[in-house]
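**Q** Please find model16.txt (compact mmCIF, C-alpha atoms and all ligand atoms) on the next line:
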# COMPACT_ATOMS: atom_id res chain seq x y z
CA MET A 987 -1.77 53.62 -9.15
CA ILE A 988 -3.94 55.18 -6.50
CA ASP A 989 -2.53 55.98 -3.07
CA ILE A 990 -5.51 55.55 -0.75
CA CYS A 991 -4.07 57.37 2.29
CA VAL A 992 -1.97 60.52 2.43
CA ASN A 993 -1.84 62.87 5.44
CA ILE A 994 -1.19 65.93 3.31
CA HIS A 995 -1.38 68.48 6.15
CA ASN A 996 1.31 66.84 8.23
CA LYS A 997 4.13 69.33 8.71
CA GLN A 998 6.64 66.98 7.06
CA LEU A 999 4.72 67.37 3.78
CA GLN A 1000 4.38 71.14 3.94
CA GLY A 1001 6.55 73.46 1.93
CA ASP A 1002 6.91 71.45 -1.27
CA ARG A 1003 3.38 70.22 -1.91
CA GLU A 1004 3.36 71.15 -5.60
CA ASN A 1005 6.61 69.28 -6.18
CA LEU A 1006 5.36 66.35 -4.15
CA LEU A 1007 2.29 66.04 -6.36
CA ALA A 1008 4.39 66.42 -9.50
CA ARG A 1009 6.74 63.66 -8.30
CA ALA A 1010 3.71 61.47 -7.58
CA SER A 1011 2.45 62.06 -11.09
CA SER A 1012 5.85 61.15 -12.60
CA ALA A 1013 5.90 58.00 -10.47
CA GLY A 1014 2.61 56.82 -11.98
CA ILE A 1015 0.22 57.95 -9.25
CA ALA A 1016 -3.07 58.83 -10.96
CA GLY A 1017 -5.09 59.42 -7.80
CA ILE A 1018 -4.67 60.19 -4.11
CA VAL A 1019 -7.13 59.91 -1.24
CA LEU A 1020 -6.37 62.60 1.32
CA CYS A 1021 -7.13 61.31 4.79
CA ALA A 1022 -8.99 63.59 7.15
CA THR A 1023 -8.54 63.10 10.87
CA ASP A 1024 -10.91 65.80 12.11
CA LEU A 1025 -13.68 68.02 10.77
CA GLN A 1026 -11.42 71.02 10.19
CA MET A 1027 -9.17 68.88 8.03
CA VAL A 1028 -12.13 67.77 5.93
CA GLU A 1029 -12.67 71.40 4.99
CA ALA A 1030 -8.99 71.94 4.26
CA ASN A 1031 -8.90 68.81 2.08
CA ILE A 1032 -12.00 69.82 0.13
CA ALA A 1033 -10.34 73.18 -0.56
CA LEU A 1034 -7.26 71.37 -1.86
CA CYS A 1035 -9.37 69.13 -4.10
CA ASN A 1036 -11.10 72.21 -5.54
CA LYS A 1037 -7.81 73.98 -6.14
CA ASN A 1038 -6.22 70.92 -7.69
CA GLU A 1039 -8.99 70.39 -10.23
CA THR A 1040 -7.42 72.71 -12.77
CA THR A 1041 -3.92 71.22 -12.66
CA ILE A 1042 -2.35 68.14 -14.23
CA HIS A 1043 -1.59 66.65 -10.83
CA PRO A 1044 -3.00 63.36 -9.57
CA GLN A 1045 -6.76 63.35 -9.02
CA LEU A 1046 -7.51 64.15 -5.38
CA ARG A 1047 -10.35 62.91 -3.18
CA THR A 1048 -10.82 63.19 0.56
CA THR A 1049 -12.30 61.18 3.37
CA ALA A 1050 -14.52 62.89 5.93
CA GLY A 1051 -14.27 61.77 9.51
CA VAL A 1052 -12.68 61.87 12.94
CA HIS A 1053 -9.65 59.70 13.76
CA PRO A 1054 -9.65 57.70 17.01
CA HIS A 1055 -6.77 59.90 18.25
CA ASP A 1056 -9.10 62.91 17.84
CA ALA A 1057 -12.22 61.20 19.16
CA SER A 1058 -12.22 63.56 22.16
CA THR A 1059 -13.27 66.32 19.71
CA TRP A 1060 -16.45 64.42 18.75
CA SER A 1061 -19.52 66.42 19.68
CA GLU A 1062 -23.27 66.27 19.32
CA ASP A 1063 -23.37 67.96 15.93
CA SER A 1064 -20.43 66.01 14.43
CA SER A 1065 -22.66 63.41 12.74
CA ALA A 1066 -24.78 66.11 11.12
CA ARG A 1067 -21.68 67.89 9.84
CA LEU A 1068 -20.29 64.66 8.39
CA ILE A 1069 -23.56 63.93 6.63
CA GLN A 1070 -23.34 67.41 5.11
CA PHE A 1071 -19.70 66.88 4.03
CA ALA A 1072 -20.66 63.57 2.45
CA GLY A 1073 -22.74 65.48 -0.10
CA ASN A 1074 -19.58 67.12 -1.44
CA PRO A 1075 -18.44 65.48 -4.70
CA TRP A 1076 -14.82 65.23 -3.49
CA VAL A 1077 -15.72 63.29 -0.36
CA CYS A 1078 -15.22 59.62 -1.23
CA ALA A 1079 -15.49 57.89 2.16
CA ILE A 1080 -16.37 58.33 5.84
CA GLY A 1081 -13.29 58.17 8.09
CA GLU A 1082 -10.69 57.61 8.94
CA CYS A 1083 -12.46 56.42 12.02
CA GLY A 1084 -11.99 53.46 14.30
CA LEU A 1085 -10.17 52.35 17.41
CA ASP A 1086 -6.55 52.81 18.43
CA TYR A 1087 -5.87 51.21 21.79
CA ASN A 1088 -2.15 51.31 21.07
CA ARG A 1089 -1.80 54.91 22.11
CA ASN A 1090 -5.16 55.95 23.56
CA PHE A 1091 -4.75 59.67 22.76
CA SER A 1092 -8.51 59.76 23.34
CA THR A 1093 -10.11 57.49 25.94
CA GLU A 1094 -11.60 54.16 24.86
CA THR A 1095 -15.07 55.48 25.71
CA GLN A 1096 -14.56 58.55 23.50
CA GLN A 1097 -13.23 56.37 20.67
CA LEU A 1098 -16.19 54.00 20.83
CA ARG A 1099 -18.68 56.85 20.76
CA ALA A 1100 -17.11 58.53 17.72
CA PHE A 1101 -16.62 55.23 15.89
CA GLU A 1102 -20.18 53.98 16.38
CA ALA A 1103 -21.57 57.31 15.26
CA GLN A 1104 -19.43 57.29 12.10
CA ILE A 1105 -20.43 53.73 11.23
CA GLU A 1106 -23.99 55.01 11.33
CA VAL A 1107 -23.12 58.04 9.16
CA ALA A 1108 -21.59 55.77 6.50
CA ARG A 1109 -24.80 53.73 6.47
CA VAL A 1110 -26.98 56.82 6.19
CA VAL A 1111 -25.00 58.41 3.34
CA ASN A 1112 -24.07 55.04 1.77
CA LYS A 1113 -20.40 55.91 1.27
CA PRO A 1114 -17.43 53.61 1.92
CA LEU A 1115 -16.22 53.41 5.51
CA PHE A 1116 -12.49 54.05 6.02
CA VAL A 1117 -11.33 52.29 9.18
CA HIS A 1118 -8.25 52.63 11.38
CA ASP A 1119 -7.87 49.67 13.75
CA ARG A 1120 -4.83 49.30 15.95
CA ASP A 1121 -4.77 46.89 18.86
CA SER A 1122 -8.51 47.01 19.45
CA ARG A 1123 -8.46 43.33 20.49
CA GLY A 1124 -11.16 42.43 18.00
CA GLU A 1125 -13.52 45.15 19.16
CA ALA A 1126 -13.48 47.06 15.85
CA LEU A 1127 -14.48 43.91 13.95
CA LYS A 1128 -17.25 43.25 16.45
CA LEU A 1129 -18.72 46.73 16.00
CA LEU A 1130 -18.38 46.57 12.22
CA THR A 1131 -20.14 43.24 11.84
CA ARG A 1132 -23.17 44.09 13.98
CA THR A 1133 -24.88 45.64 11.01
CA THR A 1134 -24.90 45.79 7.20
CA LEU A 1135 -22.31 48.24 5.94
CA PRO A 1136 -21.37 49.93 2.70
CA ALA A 1137 -17.95 48.94 1.29
CA THR A 1138 -15.46 49.00 4.17
CA VAL A 1139 -11.69 49.49 4.07
CA ILE A 1140 -9.37 48.38 6.86
CA HIS A 1141 -6.59 50.85 6.17
CA CYS A 1142 -2.97 50.18 7.14
CA PHE A 1143 -3.68 46.60 8.13
CA THR A 1144 -1.09 45.39 10.66
CA GLY A 1145 -3.16 42.79 12.54
CA SER A 1146 -2.98 39.06 13.15
CA GLU A 1147 -4.08 36.12 11.02
CA ASP A 1148 -7.32 35.93 13.02
CA ASP A 1149 -7.95 39.65 12.46
CA LEU A 1150 -7.41 39.22 8.73
CA ARG A 1151 -9.71 36.21 8.52
CA GLY A 1152 -12.46 38.13 10.32
CA PHE A 1153 -12.15 41.16 8.06
CA LEU A 1154 -12.11 39.06 4.88
CA GLU A 1155 -15.10 37.01 5.99
CA ALA A 1156 -16.94 40.28 6.46
CA GLY A 1157 -16.03 41.21 2.87
CA PHE A 1158 -13.81 44.18 3.77
CA TYR A 1159 -11.00 45.65 1.69
CA ILE A 1160 -7.49 45.55 3.15
CA GLY A 1161 -5.05 48.45 2.76
CA ILE A 1162 -1.34 47.62 2.79
CA THR A 1163 1.30 50.24 3.63
CA GLY A 1164 5.09 50.29 3.86
CA TRP A 1165 4.67 48.38 7.12
CA ILE A 1166 5.12 45.31 4.91
CA CYS A 1167 8.61 46.55 3.96
CA ASP A 1168 9.71 46.91 7.59
CA GLN A 1169 12.32 44.26 8.20
CA LYS A 1170 11.32 43.53 11.79
CA ARG A 1171 7.73 44.65 12.25
CA GLY A 1172 6.58 43.59 8.77
CA ALA A 1173 7.39 39.86 8.99
CA ALA A 1174 3.86 38.73 9.92
CA LEU A 1175 2.28 40.92 7.25
CA ARG A 1176 4.65 39.59 4.56
CA ASP A 1177 3.37 36.14 5.43
CA LEU A 1178 -0.32 37.13 5.53
CA VAL A 1179 -0.47 39.27 2.40
CA LYS A 1180 -0.82 36.25 0.11
CA HIS A 1181 -4.16 35.39 1.73
CA ILE A 1182 -5.82 38.62 0.63
CA PRO A 1183 -7.90 38.13 -2.53
CA LEU A 1184 -6.66 40.40 -5.30
CA GLU A 1185 -10.09 42.06 -5.56
CA LYS A 1186 -9.89 43.13 -1.90
CA LEU A 1187 -6.35 44.51 -1.96
CA LEU A 1188 -5.53 48.23 -1.75
CA ILE A 1189 -2.22 50.07 -1.51
CA GLU A 1190 -1.32 53.19 0.44
CA THR A 1191 1.68 55.12 1.66
CA ASP A 1192 0.07 56.71 4.78
CA ALA A 1193 2.65 59.42 4.03
CA PRO A 1194 4.57 60.98 5.68
CA PHE A 1195 4.58 57.89 7.93
CA LEU A 1196 5.84 54.37 7.25
CA ARG A 1197 8.46 55.04 4.60
CA PRO A 1198 9.11 51.75 2.74
CA GLN A 1199 12.50 50.53 3.93
CA ASN A 1200 13.31 49.13 0.50
CA ALA A 1201 13.11 52.59 -1.11
CA PRO A 1202 16.53 54.16 -1.74
CA MET A 1203 17.67 56.63 0.92
CA SER A 1204 18.99 58.87 -1.86
CA PHE A 1205 15.43 59.73 -2.92
CA ALA A 1206 15.38 62.99 -0.96
CA SER A 1207 18.73 64.28 -2.19
CA ASP A 1208 17.99 63.11 -5.75
CA HIS A 1209 14.84 65.25 -5.76
CA GLY A 1210 16.06 68.30 -3.89
CA ILE A 1211 14.00 67.54 -0.75
CA ALA A 1212 15.26 69.22 2.43
CA ALA A 1213 17.68 66.90 4.28
CA LYS A 1214 15.65 67.13 7.49
CA TRP A 1215 12.76 65.32 5.71
CA LYS A 1216 14.85 62.56 4.18
CA LYS A 1217 13.14 59.89 6.29
CA ARG A 1218 9.60 60.93 5.43
CA ASN A 1219 7.33 58.98 3.12
CA GLU A 1220 5.48 60.42 0.12
CA PRO A 1221 3.16 59.12 -2.62
CA ALA A 1222 5.99 58.78 -5.17
CA LEU A 1223 7.35 55.90 -3.05
CA LEU A 1224 4.19 53.77 -3.38
CA ALA A 1225 5.79 51.51 -5.99
CA TRP A 1226 8.09 50.13 -3.27
CA VAL A 1227 5.08 48.89 -1.32
CA VAL A 1228 3.76 47.27 -4.50
CA GLN A 1229 7.10 45.61 -5.10
CA GLU A 1230 7.16 44.04 -1.63
CA ILE A 1231 3.56 42.82 -1.96
CA ALA A 1232 4.33 41.35 -5.40
CA LYS A 1233 7.43 39.58 -4.11
CA ASN A 1234 5.52 37.89 -1.30
CA ARG A 1235 2.64 36.83 -3.55
CA HIS A 1236 4.92 35.61 -6.35
CA ALA A 1237 3.13 38.01 -8.65
CA SER A 1238 4.33 40.80 -10.91
CA ALA A 1239 4.29 44.41 -9.74
CA GLU A 1240 2.12 45.22 -12.78
CA GLU A 1241 -0.48 42.67 -11.74
CA ILE A 1242 -0.64 44.07 -8.20
CA SER A 1243 -0.75 47.73 -9.17
CA HIS A 1244 -3.35 47.09 -11.87
CA ALA A 1245 -5.67 45.18 -9.54
CA CYS A 1246 -5.29 47.70 -6.71
CA SER A 1247 -5.92 50.62 -9.05
CA THR A 1248 -9.11 49.04 -10.35
CA ASN A 1249 -10.29 48.36 -6.79
CA ALA A 1250 -9.58 51.92 -5.65
CA GLN A 1251 -11.16 53.48 -8.74
CA LEU A 1252 -14.42 51.64 -8.17
CA LEU A 1253 -14.45 52.15 -4.45
CA PHE A 1254 -13.61 55.86 -4.35
CA ALA A 1255 -15.18 56.88 -7.69
CA PHE A 1256 -12.02 57.96 -9.47
CA PRO A 1257 -12.38 58.30 -13.23
CA THR A 1258 -11.47 55.07 -15.02
ZN ZN A 1301 -4.77 55.37 10.26
Produce structure tokens that represent the structure in this file.
**A**
Amino acid sequence: MIDICVNIHNKQLQGDRENLLARASSAGIAGIVLCATDLQMVEANIALCNKNETTIHPQLRTTAGVHPHDASTWSEDSSARLIQFAGNPWVCAIGECGLDYNRNFSTETQQLRAFEAQIEVARVVNKPLFVHDRDSRGEALKLLTRTTLPATVIHCFTGSEDDLRGFLEAGFYIGITGWICDQKRGAALRDLVKHIPLEKLLIETDAPFLRPQNAPMSFASDHGIAAKWKKRNEPALLAWVVQEIAKNRHASAEEISHACSTNAQLLFAFPT
């Protein structure tokens, strides 16, 4: 399996990174895409990918981009720096970028500016575009379909049936997180997940966020993880997302994880 979104620098995942990667490996995770949310993090992720190359841990890749929450940090030379990062062999996508009108940590104007610029960068460097869209009221789709794009991933999809139809018609990949396991918030997604063609489906933890609710709470204590982090998510819990997707598609977990692995390998150039 390949976990297409892990926020490895989040403080909840600090302290036991080596063990976390080893647990991922034991849980069948062959590859991880580290998500970058600003330019500094791209550098930190590339350093981790370099360091990891010599170990038996899952294969690491990183995105390069600026998250809508951090769009206020976007400056005139950001596009040029991203184009430069894209030449690095570990950089597998541009993003995560997009619109998040749920929290508006950056203003809508700042978010639009950074997003439009990154769409253009992905076109210039011809790398996949890694998109975060939360409550943009269809605006992200509108911007994305104005032009011809490289392969595009809507990560952590939590939208409506109309949103999904629009993204699929545009040919985009859809990333599913532990949101689907959330008893209350995940109901709509559990219903929609069967409409996603297998060849467009991707799986992700978005760790340390969105811990799958079906995963046993004893996981932390079973693995010697500090009690204060017992509610965090990590790549080793990805199989619980797969299980919930499989259940709602009346498919086997093997079928889902195999298809999603193949999709992620091709998209992010992991070794097959
Ligand atoms: Zn995101």
**Q** Output the neighbourhood of ligand ZN 1301 (chain A) as a ChimeraX atom specification, that is, all protein and nucleic acid residues with some atom at most 7 Å from the ligand, counting all atoms listed in the file.
**A** /A:1082,1118,1141-1142
**Q** Nearest residue to Thr1049 (chain A) out of A:Ser1243, A:Ser1012, A:Gln1000, A:Gln1104, using all atoms listed in the file?
**A**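 Of the candidates, the smallest distance to Thr1049 (chain A) is held by A:Gln1104.
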**Q** Name the residues in contact with region 1226-1242 of chain A at a cut-off of 12 Å, using only C-alpha atoms, excluding same-chain residues fewer than 2 positions from it; report them as a PyMOL selection string.
**A** chain A and resi 987-989+1013-1014+1142+1161-1169+1172-1192+1196-1202+1219-1224+1244-1249
**Q** Skipping near chain neighbours, those fewer than 4 positions away, what residues fall within 12 Å of Ser1092 (chain A) using all atoms listed in the file, listed as a PyMOL selection string?
**A** chain A and resi 1052-1060+1084-1088+1096-1101
**Q** For the residues in the current selection, export C-alpha atoms as a PDB file, in the frame of the given file.
**A**
ATOM      1  CA  VAL A1052     -12.680  61.870  12.940  1.00  0.00           C
ATOM      2  CA  HIS A1053      -9.650  59.700  13.760  1.00  0.00           C
ATOM      3  CA  PRO A1054      -9.650  57.700  17.010  1.00  0.00           C
ATOM      4  CA  HIS A1055      -6.770  59.900  18.250  1.00  0.00           C
ATOM      5  CA  ASP A1056      -9.100  62.910  17.840  1.00  0.00           C
ATOM      6  CA  ALA A1057     -12.220  61.200  19.160  1.00  0.00           C
ATOM      7  CA  SER A1058     -12.220  63.560  22.160  1.00  0.00           C
ATOM      8  CA  THR A1059     -13.270  66.320  19.710  1.00  0.00           C
ATOM      9  CA  TRP A1060     -16.450  64.420  18.750  1.00  0.00           C
ATOM     10  CA  GLY A1084     -11.990  53.460  14.300  1.00  0.00           C
ATOM     11  CA  LEU A1085     -10.170  52.350  17.410  1.00  0.00           C
ATOM     12  CA  ASP A1086      -6.550  52.810  18.430  1.00  0.00           C
ATOM     13  CA  TYR A1087      -5.870  51.210  21.790  1.00  0.00           C
ATOM     14  CA  ASN A1088      -2.150  51.310  21.070  1.00  0.00           C
ATOM     15  CA  GLN A1096     -14.560  58.550  23.500  1.00  0.00           C
ATOM     16  CA  GLN A1097     -13.230  56.370  20.670  1.00  0.00           C
ATOM     17  CA  LEU A1098     -16.190  54.000  20.830  1.00  0.00           C
ATOM     18  CA  ARG A1099     -18.680  56.850  20.760  1.00  0.00           C
ATOM     19  CA  ALA A1100     -17.110  58.530  17.720  1.00  0.00           C
ATOM     20  CA  PHE A1101     -16.620  55.230  15.890  1.00  0.00           C
TER      21      PHE A1101
END
**Q** Measuring between all atoms listed in the file, which one of A:Leu1068, A:Leu1150, A:Ile1105, A:Cys1021 shows the shortest distance to Thr1131 (chain A)?
**A**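 Among the listed residues, the smallest separation from Thr1131 (chain A) belongs to A:Ile1105.
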**Q** Between A:Ala1213, A:His1043, A:Gly1124, A:Pro1257, which has the minimum distance to Glu1147 (chain A) (counting all atoms listed in the file)?
**A** A:Gly1124
**Q** Just give me the gap between CA of Phe1153 (chain A) and CA of Cys1083 (chain A) in Å, one decimal is fine.
**A**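 About the pair CA of Phe1153 (chain A) and CA of Cys1083 (chain A): they are 15.8 Å apart.
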**Q** For Asn1036 (chain A), which residue out of A:Trp1215, A:Trp1076, A:Phe1195, A:Phe1158 is the nearest one, using only C-alpha atoms?
**A** A:Trp1076
**Q** Report the distance between CA of Gly1017 (chain A) and CA of Ala1250 (chain A) in Å, rounded to one decimal place.
**A**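 A separation of 9.0 Å between them.
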**Q** Tell me which of A:Ala1033, A:Leu1046, A:Val1028, A:Leu1253 sits closest to Ser1011 (chain A), counting all atoms listed in the file.
**A**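 So, comparing all the options, the nearest one is A:Leu1046.
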**Q** Using CA of Ile1069 (chain A) and CA of Val992 (chain A) as the two end points, give the distance in Å to one decimal.
**A**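 A separation of 22.3 Å between them.
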**Q** So, with only C-alpha atoms as the atoms that count, which of A:Ala1008, A:Leu1154, A:Ala1022, A:Leu999 lies closest to Val1139 (chain A)?
**A**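 Ranking A:Ala1008, A:Leu1154, A:Ala1022, A:Leu999 by distance to Val1139 (chain A), first place goes to A:Leu1154.
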**Q** Around the point (-12.9, 45.2, 8.4) in the file's coordinates, collect all residues with an atom within 8 Å, using all atoms listed in the file, and return them as a ChimeraX atom specification.
**A** /A:1117,1126-1127,1130,1138-1140,1152-1154,1156-1160
**Q** Could you write those residues out with C-alpha atoms, as a PDB file, keeping the file's coordinate frame?
**A**
ATOM      1  CA  VAL A1117     -11.330  52.290   9.180  1.00  0.00           C
ATOM      2  CA  ALA A1126     -13.480  47.060  15.850  1.00  0.00           C
ATOM      3  CA  LEU A1127     -14.480  43.910  13.950  1.00  0.00           C
ATOM      4  CA  LEU A1130     -18.380  46.570  12.220  1.00  0.00           C
ATOM      5  CA  THR A1138     -15.460  49.000   4.170  1.00  0.00           C
ATOM      6  CA  VAL A1139     -11.690  49.490   4.070  1.00  0.00           C
ATOM      7  CA  ILE A1140      -9.370  48.380   6.860  1.00  0.00           C
ATOM      8  CA  GLY A1152     -12.460  38.130  10.320  1.00  0.00           C
ATOM      9  CA  PHE A1153     -12.150  41.160   8.060  1.00  0.00           C
ATOM     10  CA  LEU A1154     -12.110  39.060   4.880  1.00  0.00           C
ATOM     11  CA  ALA A1156     -16.940  40.280   6.460  1.00  0.00           C
ATOM     12  CA  GLY A1157     -16.030  41.210   2.870  1.00  0.00           C
ATOM     13  CA  PHE A1158     -13.810  44.180   3.770  1.00  0.00           C
ATOM     14  CA  TYR A1159     -11.000  45.650   1.690  1.00  0.00           C
ATOM     15  CA  ILE A1160      -7.490  45.550   3.150  1.00  0.00           C
TER      16      ILE A1160
END
